[in-house]
Amino acid sequence: MSTTNERIQLGDLVCWRIHHAGAELLVSEQGAQILRYKPTKGEPLIWLSEEAAYETGKSVRGGVPVCWPWFGDLQRNPDAIRATYTRPDQAPAHGLVRDQAWQLIGLNTEEDGVTLSFAFDTAAQPIAEWPHAAELQLDIHLGERLKLILTTRNLGDNELPISQALHTYFAVSDIRKVQIEGLDACRYVDTLQDWKKVRQKGPVTFSGETDRIYLDTPQQLSIVDPLWKRRIVMRSEGSASAVVWNPWIAKAKRLSQFADDAWQGMLCIEHANVLDDSLILAPGAEYRLDVTLWSQAL
Ligand SMILES: O=P(O)(O)OC[C@H]1O[C@@H](O)[C@H](O)[C@@H](O)[C@@H]1O
């Protein structure tokens, strides 16, 4: 099978463009952030903003940002996670690594695809306000499917509490026409209704701003997209919570790197370990969160 790997520069960012058997993957070394993924047939699976900025120290809008060592607003995290950061009142949303330089530690081509591995190690890049010894690794395998493996290693002498998410932006034909399957009967926290707990009935559909944390989620979810005649399937291991987000009209106008009408063609499903599904890693322990994505014709 034909495979090509190219190192390219997009604005300030060093990126890797991989082609394998007709599929295309684009990954930025900053944040180890997947920016684009288009399988062999059909529309891209991963959404990337047409207003994306490729700048040092700024997370790119779209793709798959890595949220770690906390997800979302630190103040909404369990006490033990809040206590890991020395300046909680100034904590950035979604943790500390999505806009940082990661190291490319492997680029291997095999018969069934290409694996890119990136690492972020606090020994090499200490964070003054987060004084913990930890290593984070993201392995990205492009084959017939796209597989992400996010591994955290606690290299310190104390327990390490974290929350995290793979904040995947999916491309859809029209947000008003798609639905998410797999979450029927799951409880969720509706962050737009004062963090009230609600039970999902049937598939998830969209008719306004949506920002929810689903709990006790199953391993397989899918987005059914009738106009593009496809189903995007996600299979995860090591995650029992998932964030579902679409900003809709008003919030779209407030978001950086986001066109006013872009909410119509995207949605996020973020495989996570948040709230009760947050993690405490013992000294020396490692934890793996895996997500595999592919599309099927409807
Ligand atoms: O603008 P950011 O920091 O990338 O966050 C985007 C969105 O990320 C989602 O995970 C949150 O649930 C939303 O509340 C948030 O707006």
# chains A, B, ... in the order shown; residues from 1 in each chain; ligands from 1
>>> select_by_dssp(residues="region 18-166 of chain A", states="strand (DSSP E or B)", output="ChimeraX atom specification")
/A:18-20,23-28,30,33-38,46,48,62,64,66-68,95,101,103-110,113-121,134-142,146-154,160-162,164-166
>>> write_last_selection(atoms="C-alpha atoms", output="PDB file, in the first residue's frame")
ATOM      1  CA  ILE A  18       0.608  11.387   6.170  1.00  0.00           C
ATOM      2  CA  HIS A  19      -1.059   9.631   3.262  1.00  0.00           C
ATOM      3  CA  HIS A  20      -1.823   5.947   3.595  1.00  0.00           C
ATOM      4  CA  ALA A  23      -6.474   8.340   3.600  1.00  0.00           C
ATOM      5  CA  GLU A  24      -4.998  11.633   4.755  1.00  0.00           C
ATOM      6  CA  LEU A  25      -3.916  12.701   8.230  1.00  0.00           C
ATOM      7  CA  LEU A  26      -2.465  16.035   9.341  1.00  0.00           C
ATOM      8  CA  VAL A  27      -0.985  16.400  12.830  1.00  0.00           C
ATOM      9  CA  SER A  28       0.660  19.385  14.491  1.00  0.00           C
ATOM     10  CA  GLN A  30       2.206  21.582  19.020  1.00  0.00           C
ATOM     11  CA  GLN A  33      -3.008  17.872  17.778  1.00  0.00           C
ATOM     12  CA  ILE A  34      -4.634  16.031  14.916  1.00  0.00           C
ATOM     13  CA  LEU A  35      -5.886  18.742  12.560  1.00  0.00           C
ATOM     14  CA  ARG A  36      -7.355  16.802   9.691  1.00  0.00           C
ATOM     15  CA  TYR A  37      -8.403  13.233   8.981  1.00  0.00           C
ATOM     16  CA  LYS A  38     -10.019  12.193   5.763  1.00  0.00           C
ATOM     17  CA  ILE A  46     -12.561  15.470  11.567  1.00  0.00           C
ATOM     18  CA  LEU A  48     -11.053  21.919  11.126  1.00  0.00           C
ATOM     19  CA  GLY A  62     -10.796  21.976  15.369  1.00  0.00           C
ATOM     20  CA  VAL A  64      -8.473  16.726  18.271  1.00  0.00           C
ATOM     21  CA  VAL A  66      -5.773  16.936  24.070  1.00  0.00           C
ATOM     22  CA  CYS A  67      -7.276  18.213  27.346  1.00  0.00           C
ATOM     23  CA  TRP A  68      -4.994  17.239  30.246  1.00  0.00           C
ATOM     24  CA  GLY A  95      -5.514  21.947  31.070  1.00  0.00           C
ATOM     25  CA  ALA A 101       5.351  21.751  22.183  1.00  0.00           C
ATOM     26  CA  GLN A 103       8.223  15.772  21.118  1.00  0.00           C
ATOM     27  CA  LEU A 104       7.833  13.445  18.161  1.00  0.00           C
ATOM     28  CA  ILE A 105       9.262  10.190  19.508  1.00  0.00           C
ATOM     29  CA  GLY A 106       8.285   7.794  16.722  1.00  0.00           C
ATOM     30  CA  LEU A 107       7.139   7.675  13.118  1.00  0.00           C
ATOM     31  CA  ASN A 108       6.816   4.075  11.995  1.00  0.00           C
ATOM     32  CA  THR A 109       5.419   2.749   8.766  1.00  0.00           C
ATOM     33  CA  GLU A 110       4.121  -0.812   8.801  1.00  0.00           C
ATOM     34  CA  GLY A 113      -0.498   1.826   8.381  1.00  0.00           C
ATOM     35  CA  VAL A 114       1.568   4.534  10.031  1.00  0.00           C
ATOM     36  CA  THR A 115       2.009   5.256  13.745  1.00  0.00           C
ATOM     37  CA  LEU A 116       3.078   8.670  14.992  1.00  0.00           C
ATOM     38  CA  SER A 117       4.005   8.940  18.680  1.00  0.00           C
ATOM     39  CA  PHE A 118       4.339  12.169  20.629  1.00  0.00           C
ATOM     40  CA  ALA A 119       5.401  12.734  24.230  1.00  0.00           C
ATOM     41  CA  PHE A 120       5.086  15.521  26.752  1.00  0.00           C
ATOM     42  CA  ASP A 121       7.288  15.024  29.811  1.00  0.00           C
ATOM     43  CA  ALA A 134       4.342  12.887  34.760  1.00  0.00           C
ATOM     44  CA  GLU A 135       4.710  11.783  31.184  1.00  0.00           C
ATOM     45  CA  LEU A 136       1.985  11.907  28.603  1.00  0.00           C
ATOM     46  CA  GLN A 137       2.148  10.024  25.322  1.00  0.00           C
ATOM     47  CA  LEU A 138      -0.185  10.111  22.350  1.00  0.00           C
ATOM     48  CA  ASP A 139       0.095   7.353  19.754  1.00  0.00           C
ATOM     49  CA  ILE A 140      -1.808   8.007  16.540  1.00  0.00           C
ATOM     50  CA  HIS A 141      -2.252   5.084  14.188  1.00  0.00           C
ATOM     51  CA  LEU A 142      -3.514   5.738  10.680  1.00  0.00           C
ATOM     52  CA  LEU A 146      -7.794   6.064  13.002  1.00  0.00           C
ATOM     53  CA  LYS A 147      -6.726   4.975  16.460  1.00  0.00           C
ATOM     54  CA  LEU A 148      -5.602   7.265  19.290  1.00  0.00           C
ATOM     55  CA  ILE A 149      -3.991   6.000  22.482  1.00  0.00           C
ATOM     56  CA  LEU A 150      -3.406   8.559  25.237  1.00  0.00           C
ATOM     57  CA  THR A 151      -1.187   7.219  28.025  1.00  0.00           C
ATOM     58  CA  THR A 152      -0.438   9.023  31.298  1.00  0.00           C
ATOM     59  CA  ARG A 153       2.426   7.832  33.488  1.00  0.00           C
ATOM     60  CA  ASN A 154       2.746   9.066  37.059  1.00  0.00           C
ATOM     61  CA  LEU A 160      -1.710  12.034  40.784  1.00  0.00           C
ATOM     62  CA  PRO A 161      -5.355  13.110  40.297  1.00  0.00           C
ATOM     63  CA  ILE A 162      -6.298  14.127  36.743  1.00  0.00           C
ATOM     64  CA  GLN A 164      -8.788  14.463  30.632  1.00  0.00           C
ATOM     65  CA  ALA A 165     -10.437  14.307  27.223  1.00  0.00           C
ATOM     66  CA  LEU A 166      -9.733  13.770  23.559  1.00  0.00           C
TER      67      LEU A 166
END
>>> residues_near_ligand(ligand="ligand 1", cutoff="9 Å", atoms="only C-alpha atoms and all ligand atoms", output="PDB file with N, CA and C atoms, in the first residue's frame")
ATOM      1  N   SER A  59      -4.074  26.969  20.870  1.00  0.00           N
ATOM      2  CA  SER A  59      -4.665  25.731  20.384  1.00  0.00           C
ATOM      3  C   SER A  59      -5.434  26.033  19.098  1.00  0.00           C
ATOM      4  N   VAL A  60      -5.299  25.163  18.126  1.00  0.00           N
ATOM      5  CA  VAL A  60      -5.991  25.363  16.845  1.00  0.00           C
ATOM      6  C   VAL A  60      -7.457  24.959  17.027  1.00  0.00           C
ATOM      7  N   ARG A  61      -8.378  25.734  16.452  1.00  0.00           N
ATOM      8  CA  ARG A  61      -9.807  25.422  16.582  1.00  0.00           C
ATOM      9  C   ARG A  61     -10.167  24.288  15.611  1.00  0.00           C
ATOM     10  N   GLY A  62     -10.429  23.137  16.176  1.00  0.00           N
ATOM     11  CA  GLY A  62     -10.796  21.976  15.369  1.00  0.00           C
ATOM     12  C   GLY A  62      -9.846  20.825  15.629  1.00  0.00           C
ATOM     13  N   PRO A  65      -7.887  18.413  19.972  1.00  0.00           N
ATOM     14  CA  PRO A  65      -7.060  18.904  21.071  1.00  0.00           C
ATOM     15  C   PRO A  65      -7.038  17.884  22.228  1.00  0.00           C
ATOM     16  N   CYS A  67      -6.996  17.472  26.106  1.00  0.00           N
ATOM     17  CA  CYS A  67      -7.276  18.213  27.346  1.00  0.00           C
ATOM     18  C   CYS A  67      -6.683  17.402  28.492  1.00  0.00           C
ATOM     19  N   PHE A  71      -9.887  18.650  32.525  1.00  0.00           N
ATOM     20  CA  PHE A  71     -10.807  18.976  31.440  1.00  0.00           C
ATOM     21  C   PHE A  71     -11.618  20.204  31.841  1.00  0.00           C
ATOM     22  N   GLY A  72     -11.853  21.092  30.892  1.00  0.00           N
ATOM     23  CA  GLY A  72     -12.777  22.210  31.096  1.00  0.00           C
ATOM     24  C   GLY A  72     -12.247  23.226  32.100  1.00  0.00           C
ATOM     25  N   ASP A  73     -13.178  23.758  32.881  1.00  0.00           N
ATOM     26  CA  ASP A  73     -12.866  24.766  33.891  1.00  0.00           C
ATOM     27  C   ASP A  73     -12.321  24.031  35.124  1.00  0.00           C
ATOM     28  N   PRO A  92      -5.874  27.798  32.942  1.00  0.00           N
ATOM     29  CA  PRO A  92      -6.446  27.790  31.598  1.00  0.00           C
ATOM     30  C   PRO A  92      -7.484  26.679  31.424  1.00  0.00           C
ATOM     31  N   ALA A  93      -8.484  26.935  30.584  1.00  0.00           N
ATOM     32  CA  ALA A  93      -9.491  25.901  30.296  1.00  0.00           C
ATOM     33  C   ALA A  93      -8.815  24.725  29.601  1.00  0.00           C
ATOM     34  N   HIS A  94      -9.285  23.526  29.914  1.00  0.00           N
ATOM     35  CA  HIS A  94      -8.820  22.296  29.249  1.00  0.00           C
ATOM     36  C   HIS A  94      -7.358  21.952  29.524  1.00  0.00           C
ATOM     37  N   ALA A 165      -9.536  14.610  28.346  1.00  0.00           N
ATOM     38  CA  ALA A 165     -10.437  14.307  27.223  1.00  0.00           C
ATOM     39  C   ALA A 165      -9.689  14.410  25.909  1.00  0.00           C
ATOM     40  N   HIS A 167     -10.659  15.806  22.675  1.00  0.00           N
ATOM     41  CA  HIS A 167     -11.719  16.778  22.358  1.00  0.00           C
ATOM     42  C   HIS A 167     -11.970  16.770  20.839  1.00  0.00           C
ATOM     43  N   THR A 191     -24.617  21.284  31.465  1.00  0.00           N
ATOM     44  CA  THR A 191     -23.893  22.443  32.010  1.00  0.00           C
ATOM     45  C   THR A 191     -24.627  23.749  31.696  1.00  0.00           C
ATOM     46  N   LEU A 192     -25.589  23.697  30.767  1.00  0.00           N
ATOM     47  CA  LEU A 192     -26.350  24.905  30.425  1.00  0.00           C
ATOM     48  C   LEU A 192     -27.609  25.044  31.272  1.00  0.00           C
ATOM     49  N   THR A 210     -25.672  23.144  22.928  1.00  0.00           N
ATOM     50  CA  THR A 210     -25.626  21.876  23.656  1.00  0.00           C
ATOM     51  C   THR A 210     -24.257  21.744  24.297  1.00  0.00           C
ATOM     52  N   ASP A 211     -24.215  21.468  25.595  1.00  0.00           N
ATOM     53  CA  ASP A 211     -22.937  21.322  26.302  1.00  0.00           C
ATOM     54  C   ASP A 211     -23.189  20.400  27.494  1.00  0.00           C
ATOM     55  N   ARG A 212     -22.970  19.109  27.265  1.00  0.00           N
ATOM     56  CA  ARG A 212     -23.385  18.095  28.236  1.00  0.00           C
ATOM     57  C   ARG A 212     -22.252  17.125  28.532  1.00  0.00           C
ATOM     58  N   ILE A 213     -22.260  16.626  29.745  1.00  0.00           N
ATOM     59  CA  ILE A 213     -21.294  15.588  30.113  1.00  0.00           C
ATOM     60  C   ILE A 213     -22.086  14.309  30.374  1.00  0.00           C
ATOM     61  N   VAL A 243     -18.253  14.160  26.537  1.00  0.00           N
ATOM     62  CA  VAL A 243     -18.815  15.504  26.449  1.00  0.00           C
ATOM     63  C   VAL A 243     -19.388  15.675  25.043  1.00  0.00           C
ATOM     64  N   VAL A 244     -20.595  16.191  24.965  1.00  0.00           N
ATOM     65  CA  VAL A 244     -21.231  16.460  23.669  1.00  0.00           C
ATOM     66  C   VAL A 244     -21.450  17.964  23.592  1.00  0.00           C
ATOM     67  N   TRP A 245     -20.918  18.559  22.530  1.00  0.00           N
ATOM     68  CA  TRP A 245     -20.924  20.035  22.468  1.00  0.00           C
ATOM     69  C   TRP A 245     -21.197  20.545  21.063  1.00  0.00           C
ATOM     70  N   ASN A 246     -22.100  21.518  20.990  1.00  0.00           N
ATOM     71  CA  ASN A 246     -22.226  22.364  19.793  1.00  0.00           C
ATOM     72  C   ASN A 246     -22.587  23.773  20.277  1.00  0.00           C
ATOM     73  N   PRO A 247     -21.866  24.797  19.802  1.00  0.00           N
ATOM     74  CA  PRO A 247     -22.074  26.143  20.372  1.00  0.00           C
ATOM     75  C   PRO A 247     -23.335  26.841  19.869  1.00  0.00           C
ATOM     76  N   LYS A 251     -23.185  31.496  20.770  1.00  0.00           N
ATOM     77  CA  LYS A 251     -21.832  31.209  21.275  1.00  0.00           C
ATOM     78  C   LYS A 251     -20.820  31.148  20.129  1.00  0.00           C
ATOM     79  N   LEU A 255     -16.746  32.658  19.923  1.00  0.00           N
ATOM     80  CA  LEU A 255     -15.602  31.747  19.929  1.00  0.00           C
ATOM     81  C   LEU A 255     -14.474  32.272  19.048  1.00  0.00           C
ATOM     82  N   SER A 256     -13.244  32.013  19.470  1.00  0.00           N
ATOM     83  CA  SER A 256     -12.086  32.379  18.650  1.00  0.00           C
ATOM     84  C   SER A 256     -11.953  31.393  17.488  1.00  0.00           C
ATOM     85  N   CYS A 268     -18.830  18.245  18.646  1.00  0.00           N
ATOM     86  CA  CYS A 268     -17.761  17.573  19.389  1.00  0.00           C
ATOM     87  C   CYS A 268     -18.337  16.427  20.198  1.00  0.00           C
ATOM     88  N   ILE A 269     -17.657  15.297  20.132  1.00  0.00           N
ATOM     89  CA  ILE A 269     -17.879  14.208  21.084  1.00  0.00           C
ATOM     90  C   ILE A 269     -16.508  13.944  21.674  1.00  0.00           C
ATOM     91  N   GLU A 270     -16.392  14.183  22.979  1.00  0.00           N
ATOM     92  CA  GLU A 270     -15.082  14.187  23.624  1.00  0.00           C
ATOM     93  C   GLU A 270     -15.016  13.020  24.595  1.00  0.00           C
TER      94      GLU A 270
END
>>> atom_distance(atom1="CA of Val233 (chain A)", atom2="CA of Ser278 (chain A)")
24.1 Å
>>> closest_residue(among="A:Gln9, A:Ser49, A:Gln90, A:Ser236", to="Phe258 (chain A)", atoms="only C-alpha atoms")
A:Ser49
>>> atom_distance(atom1="CA of Lys229 (chain A)", atom2="CA of Leu298 (chain A)")
5.1 Å
>>> closest_atom_pairs(of="region 120-179 of chain A", to="region 81-85 of chain A", cutoff="10 Å", atoms="only C-alpha atoms", output="CSV")
residue,atom,partner,partner_atom,distance
A:Ile127,CA,A:Tyr85,CA,9.7
A:Ala128,CA,A:Tyr85,CA,9.1
A:Glu129,CA,A:Tyr85,CA,5.6
A:Trp130,CA,A:Tyr85,CA,4.9
A:Pro131,CA,A:Thr84,CA,7.6
A:His132,CA,A:Thr84,CA,7.9
A:Leu160,CA,A:Thr84,CA,8.1
A:Pro161,CA,A:Ile81,CA,5.3
A:Ile162,CA,A:Ile81,CA,5.7
A:Ser163,CA,A:Ile81,CA,7.5
>>> write_last_selection(atoms="N, CA and C atoms", output="compact mmCIF listing (two decimals), in the first residue's frame")
# COMPACT_ATOMS: atom_id res chain seq x y z
N ILE A 127 6.39 22.62 34.50
CA ILE A 127 5.33 23.64 34.55
C ILE A 127 5.32 24.15 35.99
N ALA A 128 5.72 25.42 36.16
CA ALA A 128 5.91 25.94 37.53
C ALA A 128 4.66 25.76 38.39
N GLU A 129 3.49 26.02 37.81
CA GLU A 129 2.26 25.99 38.62
C GLU A 129 1.68 24.58 38.78
N TRP A 130 2.32 23.62 38.15
CA TRP A 130 1.81 22.24 38.23
C TRP A 130 3.02 21.32 38.53
N PRO A 131 3.45 21.33 39.79
CA PRO A 131 4.72 20.68 40.14
C PRO A 131 4.58 19.17 40.34
N HIS A 132 4.41 18.44 39.26
CA HIS A 132 4.22 16.98 39.33
C HIS A 132 5.06 16.32 38.25
N LEU A 160 -1.48 10.95 41.75
CA LEU A 160 -1.71 12.03 40.78
C LEU A 160 -3.17 12.03 40.32
N PRO A 161 -3.96 13.03 40.76
CA PRO A 161 -5.35 13.11 40.30
C PRO A 161 -5.43 13.92 39.00
N ILE A 162 -6.12 13.40 38.01
CA ILE A 162 -6.30 14.13 36.74
C ILE A 162 -7.71 13.90 36.19
N SER A 163 -8.12 14.83 35.31
CA SER A 163 -9.22 14.55 34.40
C SER A 163 -8.67 14.81 33.01
>>> residues_around(residues="Ala133 (chain A)", least_positions_apart="5", cutoff="7 Å", atoms="only C-alpha atoms", output="ChimeraX atom specification")
/A:122-123,154-156
>>> residues_around(residues="Val97 (chain A)", least_positions_apart="2", cutoff="6 Å", atoms="only C-alpha atoms", output="MDAnalysis selection string")
chainID A and resid 31 99:100
>>> write_last_selection(atoms="N, CA and C atoms", output="PDB file, in the first residue's frame")
ATOM      1  N   GLY A  31       0.883  20.544  20.730  1.00  0.00           N
ATOM      2  CA  GLY A  31      -0.316  19.910  21.278  1.00  0.00           C
ATOM      3  C   GLY A  31      -0.516  18.472  20.833  1.00  0.00           C
ATOM      4  N   ASP A  99      -1.626  23.601  23.943  1.00  0.00           N
ATOM      5  CA  ASP A  99      -0.896  24.617  23.182  1.00  0.00           C
ATOM      6  C   ASP A  99       0.616  24.558  23.445  1.00  0.00           C
ATOM      7  N   GLN A 100       1.077  23.403  23.915  1.00  0.00           N
ATOM      8  CA  GLN A 100       2.504  23.254  24.221  1.00  0.00           C
ATOM      9  C   GLN A 100       3.218  22.431  23.154  1.00  0.00           C
TER      10      GLN A 100
END
